[in-house]
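**Q** Here it is: the structure, laid out below.
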Amino acid sequence: MIRDPEWDGPWQIEFSATIDAMGAPELNQAAGALSGELLNWVTFDTPQYDSGGDGPYRKAQIWGRYLRPEPLPEG
C-alpha cells in the first residue's frame with residue numbers, strides 16, 4: 001500500500017498487504033475515481049490505522065491507485 005502524494009492518507013504509513021480472494025475487483029464509481037480504476041479487497045500483513053486514526057483494520061476495500069506490486073524474489 002502506498003500513501004497519496006496529494007494528501008496525508010489514506011493510511012498512516014506504507015505497508016505490505018495481499019489482494020484477497022473475498023471478492024472480484026469492482027469498478028470504482030466514487031466521484032474522485034480515475035477512469036477505469038478498480039476497488040480490490042486487501043488483507044493487511046499487520047493491522048493498520050487510517051489517516052484519521054481509526055482502526056486497527058485487518059482488511060479493507062482499496063482503490064487501485066494505492067496498490068503497488070511487490071517485486072518477485074530472485075531465485
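The way I read the labels, and the way they are meant: chains A, B, ... in the order of the C-alpha cells, residue 1 as the first residue of every chain, and ligand 1 as the first ligand shown, with later ones counted on from there.
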Would you mind writing down, as an mmCIF file with N, CA, C and O atoms, in the first residue's frame, each residue of chain A that DSSP on the backbone assigns to strand (DSSP E)?
**A**
```
data_model
loop_
_atom_site.group_PDB
_atom_site.id
_atom_site.type_symbol
_atom_site.label_atom_id
_atom_site.label_comp_id
_atom_site.auth_asym_id
_atom_site.auth_seq_id
_atom_site.Cartn_x
_atom_site.Cartn_y
_atom_site.Cartn_z
ATOM 1 N N ALA A 17 0.576 -5.827 1.943
ATOM 2 C CA ALA A 17 -0.750 -6.441 2.033
ATOM 3 C C ALA A 17 -0.890 -7.408 0.857
ATOM 4 O O ALA A 17 -0.052 -7.442 -0.046
ATOM 5 N N THR A 18 -1.969 -8.183 0.874
ATOM 6 C CA THR A 18 -2.238 -9.162 -0.179
ATOM 7 C C THR A 18 -3.657 -8.956 -0.700
ATOM 8 O O THR A 18 -4.597 -8.828 0.100
ATOM 9 N N ILE A 19 -3.813 -8.926 -2.016
ATOM 10 C CA ILE A 19 -5.163 -8.858 -2.582
ATOM 11 C C ILE A 19 -5.886 -10.132 -2.192
ATOM 12 O O ILE A 19 -5.365 -11.233 -2.350
ATOM 13 N N GLU A 26 -13.906 -4.508 -8.333
ATOM 14 C CA GLU A 26 -15.092 -3.784 -8.799
ATOM 15 C C GLU A 26 -14.674 -2.441 -9.366
ATOM 16 O O GLU A 26 -13.690 -1.861 -8.917
ATOM 17 N N LEU A 27 -15.444 -1.938 -10.312
ATOM 18 C CA LEU A 27 -15.191 -0.608 -10.848
ATOM 19 C C LEU A 27 -15.468 0.422 -9.759
ATOM 20 O O LEU A 27 -16.519 0.394 -9.110
ATOM 21 N N LEU A 38 -10.119 0.412 -10.311
ATOM 22 C CA LEU A 38 -10.781 -0.696 -9.628
ATOM 23 C C LEU A 38 -10.631 -0.581 -8.116
ATOM 24 O O LEU A 38 -9.698 0.036 -7.606
ATOM 25 N N LEU A 39 -11.571 -1.226 -7.417
ATOM 26 C CA LEU A 39 -11.505 -1.426 -5.977
ATOM 27 C C LEU A 39 -11.159 -2.886 -5.738
ATOM 28 O O LEU A 39 -11.735 -3.774 -6.378
ATOM 29 N N ASN A 40 -10.212 -3.153 -4.847
ATOM 30 C CA ASN A 40 -9.804 -4.521 -4.523
ATOM 31 C C ASN A 40 -9.913 -4.741 -3.029
ATOM 32 O O ASN A 40 -9.535 -3.867 -2.232
ATOM 33 N N TRP A 41 -10.390 -5.930 -2.618
ATOM 34 C CA TRP A 41 -10.325 -6.306 -1.212
ATOM 35 C C TRP A 41 -8.899 -6.727 -0.913
ATOM 36 O O TRP A 41 -8.296 -7.497 -1.652
ATOM 37 N N VAL A 42 -8.343 -6.174 0.163
ATOM 38 C CA VAL A 42 -6.947 -6.385 0.515
ATOM 39 C C VAL A 42 -6.859 -6.782 1.990
ATOM 40 O O VAL A 42 -7.505 -6.167 2.840
ATOM 41 N N THR A 43 -6.054 -7.813 2.293
ATOM 42 C CA THR A 43 -5.771 -8.233 3.663
ATOM 43 C C THR A 43 -4.387 -7.705 4.037
ATOM 44 O O THR A 43 -3.415 -7.942 3.328
ATOM 45 N N PHE A 44 -4.310 -6.992 5.145
ATOM 46 C CA PHE A 44 -3.056 -6.374 5.576
ATOM 47 C C PHE A 44 -2.176 -7.393 6.287
ATOM 48 O O PHE A 44 -2.667 -8.228 7.041
ATOM 49 N N ASP A 45 -0.861 -7.304 6.065
ATOM 50 C CA ASP A 45 0.073 -8.201 6.746
ATOM 51 C C ASP A 45 0.054 -7.959 8.254
ATOM 52 O O ASP A 45 0.214 -8.900 9.032
ATOM 53 N N THR A 46 -0.099 -6.712 8.665
ATOM 54 C CA THR A 46 -0.274 -6.352 10.077
ATOM 55 C C THR A 46 -1.416 -5.331 10.141
ATOM 56 O O THR A 46 -1.597 -4.545 9.203
ATOM 57 N N PRO A 47 -2.198 -5.311 11.218
ATOM 58 C CA PRO A 47 -3.307 -4.351 11.318
ATOM 59 C C PRO A 47 -2.810 -2.909 11.155
ATOM 60 O O PRO A 47 -1.706 -2.569 11.595
ATOM 61 N N GLN A 48 -3.648 -2.079 10.513
ATOM 62 C CA GLN A 48 -3.256 -0.713 10.176
ATOM 63 C C GLN A 48 -4.311 0.297 10.615
ATOM 64 O O GLN A 48 -5.488 -0.027 10.738
ATOM 65 N N TYR A 57 -7.373 -1.813 11.316
ATOM 66 C CA TYR A 57 -8.041 -2.595 10.286
ATOM 67 C C TYR A 57 -7.149 -3.750 9.866
ATOM 68 O O TYR A 57 -5.929 -3.613 9.797
ATOM 69 N N ARG A 58 -7.760 -4.869 9.553
ATOM 70 C CA ARG A 58 -7.025 -6.038 9.070
ATOM 71 C C ARG A 58 -7.273 -6.271 7.584
ATOM 72 O O ARG A 58 -6.519 -6.959 6.922
ATOM 73 N N LYS A 59 -8.356 -5.670 7.089
ATOM 74 C CA LYS A 59 -8.753 -5.848 5.689
ATOM 75 C C LYS A 59 -9.568 -4.622 5.286
ATOM 76 O O LYS A 59 -10.257 -4.037 6.113
ATOM 77 N N ALA A 60 -9.490 -4.246 4.014
ATOM 78 C CA ALA A 60 -10.280 -3.119 3.524
ATOM 79 C C ALA A 60 -10.418 -3.214 2.010
ATOM 80 O O ALA A 60 -9.656 -3.918 1.343
ATOM 81 N N GLN A 61 -11.380 -2.478 1.486
ATOM 82 C CA GLN A 61 -11.520 -2.355 0.035
ATOM 83 C C GLN A 61 -10.713 -1.119 -0.358
ATOM 84 O O GLN A 61 -10.981 -0.009 0.106
ATOM 85 N N ILE A 62 -9.697 -1.326 -1.204
ATOM 86 C CA ILE A 62 -8.701 -0.296 -1.505
ATOM 87 C C ILE A 62 -8.787 0.141 -2.960
ATOM 88 O O ILE A 62 -8.912 -0.685 -3.865
ATOM 89 N N TRP A 63 -8.675 1.432 -3.193
ATOM 90 C CA TRP A 63 -8.636 1.983 -4.547
ATOM 91 C C TRP A 63 -7.353 1.522 -5.230
ATOM 92 O O TRP A 63 -6.274 1.495 -4.621
#
```
**Q** Under the rule that only C-alpha atoms are counted, which of A:Arg65, A:Ala21, A:Tyr49, A:Gly75 is the nearest residue to Pro5 in chain A?
**A**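 The shortest atom-to-atom distance to Pro5 in chain A comes from A:Arg65.
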**Q** So that I can see what lies close to range 7-12 of chain A, please list as number ranges by chain the residues with an atom at most 9 Å from it, counting only C-alpha atoms and leaving out residues fewer than 5 positions away in the same chain.
**A** A: 1-2, 48-53, 66
**Q** Write out, as a PDB file, in the first residue's frame, the residues just selected, with C-alpha atoms.
**A**
```
ATOM      1  CA  MET A   1       0.000   0.000   0.000  1.00  0.00           C
ATOM      2  CA  ILE A   2       1.267   3.454  -0.812  1.00  0.00           C
ATOM      3  CA  GLN A  48      -3.256  -0.713  10.176  1.00  0.00           C
ATOM      4  CA  TYR A  49      -4.723   2.668  11.139  1.00  0.00           C
ATOM      5  CA  ASP A  50      -6.163   5.035   8.541  1.00  0.00           C
ATOM      6  CA  SER A  51      -5.075   8.659   8.218  1.00  0.00           C
ATOM      7  CA  GLY A  52      -7.892   9.709  10.572  1.00  0.00           C
ATOM      8  CA  GLY A  53      -6.593   7.407  13.323  1.00  0.00           C
ATOM      9  CA  TYR A  66      -2.902   2.886  -3.704  1.00  0.00           C
TER      10      TYR A  66
END
```
**Q** Kindly give the distance, in Å, that separates CA of Asp4 in chain A and CA of Pro56 in chain A, rounded to a single decimal.
**A**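 The value is 19.4 Å.
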**Q** Find, counting only C-alpha atoms, the residue in A:Gly64, A:Arg3, A:Asp20, A:Glu70 that gets nearest to Gly36 in chain A.
**A**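 The shortest atom-to-atom distance to Gly36 in chain A comes from A:Gly64.
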**Q** Would you compute the distance between CA of Pro71 in chain A and CA of Gly23 in chain A? Give it in Å to one decimal.
**A**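 Going from CA of Pro71 in chain A over to CA of Gly23 in chain A, I get 23.9 Å.
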